[in-house]
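Worksheet for the structure shown next.
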Amino acid sequence: QAQLVESGGGLVQAGGSLRLSCAGSARTFSNRAMGWFRQAPGKEREFVAAISWSGGYRNYADSMKGRFTISRDNAKNTVYLQMNNLKPEDTAVYYCAAAGVMNYYGDYQNRGFYGYWGQGTQVTVSS
């Protein structure tokens, strides 16, 4: 049974937008910081954005600042990633992750901070 399920990926032209969603369960979402990572072919999985369990703190990788926005709806156990002004270099599989520890603020950019991962959704940006 999937613990985190991403959706919203697809093919978009450069300059376009996509909104990714990640649905969790009460166990994998409630009171947990959430993050988005991405992995391009032949590259390491890299941090994209994170949001604290309360939603009051957000953190972004430098290359995404101003273009990507992370948000969460705790009533729906869902986290979102709004991606604007997409570039071909944004092409990757995007993964959603939930913190391994509840009610905890930590190193959001570190993969080891997260205990649950989704299967990923493909985002392809054409030039």
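Identifiers in this document derive from the order of the structure tokens: chains are assigned A, B, ..., residues are numbered from 1 separately in each chain, and ligands are numbered from 1 in order of occurrence.
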
Next item on the list: Please provide as a PyMOL selection string all residues within 10 Å of range 90-98 of chain A, with the sequence filter that same-chain residues fewer than 5 positions apart are discarded (counting only C-alpha atoms).
Entry: chain A and resi 3-7+9-12+14+20-24+28-41+43+45-51+53+63-64+79-81+83+85+111+113-126

Note to self: Could you go through chain A and tell me which residues DSSP, when run on the backbone, assigns to alpha helix (DSSP H), listing them as a ChimeraX atom specification?
What the structure shows: /A:26-29

Just N, CA and C atoms for this one: save the residues we selected as a JSON list (two decimals), in the first residue's frame.
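part_32.json, written as the output of this step:
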[["chain", "number", "residue", "atom", "x", "y", "z"],
["A", 26, "ALA", "N", -3.03, 9.74, 7.22],
["A", 26, "ALA", "CA", -2.86, 10.41, 8.51],
["A", 26, "ALA", "C", -1.52, 10.01, 9.13],
["A", 27, "ARG", "N", -1.14, 8.77, 8.93],
["A", 27, "ARG", "CA", 0.11, 8.27, 9.54],
["A", 27, "ARG", "C", 1.34, 8.88, 8.89],
["A", 28, "THR", "N", 1.30, 9.07, 7.57],
["A", 28, "THR", "CA", 2.50, 9.54, 6.87],
["A", 28, "THR", "C", 2.51, 11.03, 6.63],
["A", 29, "PHE", "N", 1.46, 11.73, 7.04],
["A", 29, "PHE", "CA", 1.39, 13.17, 6.74],
["A", 29, "PHE", "C", 1.22, 14.04, 7.97]]

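Residue nearest Ser54 in chain A within the list A:Ser127, A:Gly66, A:Pro88, A:Tyr104: A:Tyr104 [criterion: smallest interatomic distance, only C-alpha atoms].
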
Check: When you draw a straight line from CA of Tyr60 in chain A to CA of Leu18 in chain A, how long is it in Å?
Finding: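 Those two atoms sit 17.0 Å apart.
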
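From CA of Asn59 in chain A back to CA of Tyr108 in chain A, the distance works out to 7.5 Å.
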
Next item on the list: Pull the strand (DSSP E) assignments for chain A out of DSSP run on the backbone, and list those residues as a VMD selection string.
Entry: chain A and resid 4 to 7 10 to 13 18 to 24 34 to 39 46 to 51 58 to 60 68 to 73 78 to 83 92 to 99 114 to 117 121 to 126
